Structure formats: C-alpha cells, structure tokens
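Below is one structure, written out as structure tokens; comments come after it.
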Amino acid sequence: ITHIINYEVPEDPEVYYHRIGRTARIGESGKAITLVSEAEIPYWEEIREMTKTPILEYIV
C-alpha cells in the first residue's frame, strides 16, 4: 500500500499508527493523508506530539 487516506482522526493514537503503518513496508516509502475537522483537533494534536516524523499541514 503506497497511500492511506484517513477521513477521520481516531480518538486513540495507536489506531492511527496502526493504520498508517500499512504504508512503507519492507523499506518502501508511503504517504498518509488525514482530513481533520475542527472537532478532531484535540485528537490530532495528541498524535502530532507523539510522532517523530514531520507532519505537513494544509488548510482546505
């Protein structure tokens, strides 16, 4: 799997990491795109604090 698109942010960061872990297997790269609503910002902030990978954000 080369791309994951999340249409919502899971309340549990472990669920998010499990989902995006489906990309980048066996040394390959992958992309994850997550759509974040205003109500999901607290969950997203928790994920951002836990990750060691830079996250690019775009407002649409």
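Residues in the structure tokens are numbered from 1 in each chain, the chains being A, B, ... in the order shown, and ligands are numbered from 1 in the order shown.
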
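Every protein or nucleic acid residue with an atom no more than 12 Å from Ala39 of chain A, counting only C-alpha atoms and leaving out same-chain residues fewer than 2 positions away, appears here: A:Glu8, A:Val9, A:Pro10, A:Glu11, A:Leu35, A:Val36, A:Ser37, A:Ile41, A:Pro42, A:Tyr43, A:Trp44, A:Glu45.
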
Would you mind exporting the chosen residues as a PDB file, in the first residue's frame, restricted to C-alpha atoms?
```pdb
ATOM      1  CA  GLU A   8     -11.455  10.982  10.335  1.00  0.00           C
ATOM      2  CA  VAL A   9      -8.932  11.118  13.170  1.00  0.00           C
ATOM      3  CA  PRO A  10      -9.131   8.164  15.561  1.00  0.00           C
ATOM      4  CA  GLU A  11      -9.526   9.058  19.231  1.00  0.00           C
ATOM      5  CA  LEU A  35      -8.649  15.003   6.977  1.00  0.00           C
ATOM      6  CA  VAL A  36      -9.089  16.747  10.339  1.00  0.00           C
ATOM      7  CA  SER A  37     -12.297  18.510  11.343  1.00  0.00           C
ATOM      8  CA  ILE A  41      -8.174  18.855  16.555  1.00  0.00           C
ATOM      9  CA  PRO A  42      -7.545  17.648  20.151  1.00  0.00           C
ATOM     10  CA  TYR A  43      -7.015  14.067  18.901  1.00  0.00           C
ATOM     11  CA  TRP A  44      -4.792  15.301  16.083  1.00  0.00           C
ATOM     12  CA  GLU A  45      -2.661  17.365  18.482  1.00  0.00           C
TER      13      GLU A  45
END
```

Shell around Thr34 of chain A at 12 Å using only C-alpha atoms, local window under 2 positions removed, as a list in words: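 The contact residues come out as His3, Ile4, Ile5, Asn6, Tyr7, Glu8, Val9, Pro10, Tyr16, Tyr17, Arg19, Ile20, Lys31, Ala32, Val36, Ser37, Glu40, Ile41, Tyr43, Trp44, Ile47, Arg48, Ile55, Leu56, Glu57, Tyr58, Ile59 and Val60 of chain A.
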
Residues near Ile1 of chain A, cut-off 9 Å, only C-alpha atoms, skip fewer than 2 positions along chain, as a PyMOL selection string: chain A and resi 3-4+22-25+30

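When atom CA of Glu38 of chain A is paired with atom CA of Pro54 of chain A, their separation reads 20.8 Å.
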
Per-residue DSSP, chain A, filtered to helix (DSSP H, G or I), as a PyMOL selection string: chain A and resi 13-20+25-27+38-50

In chain A, DSSP strand (DSSP E) residues written as a PyMOL selection string: chain A and resi 3-6+31-34
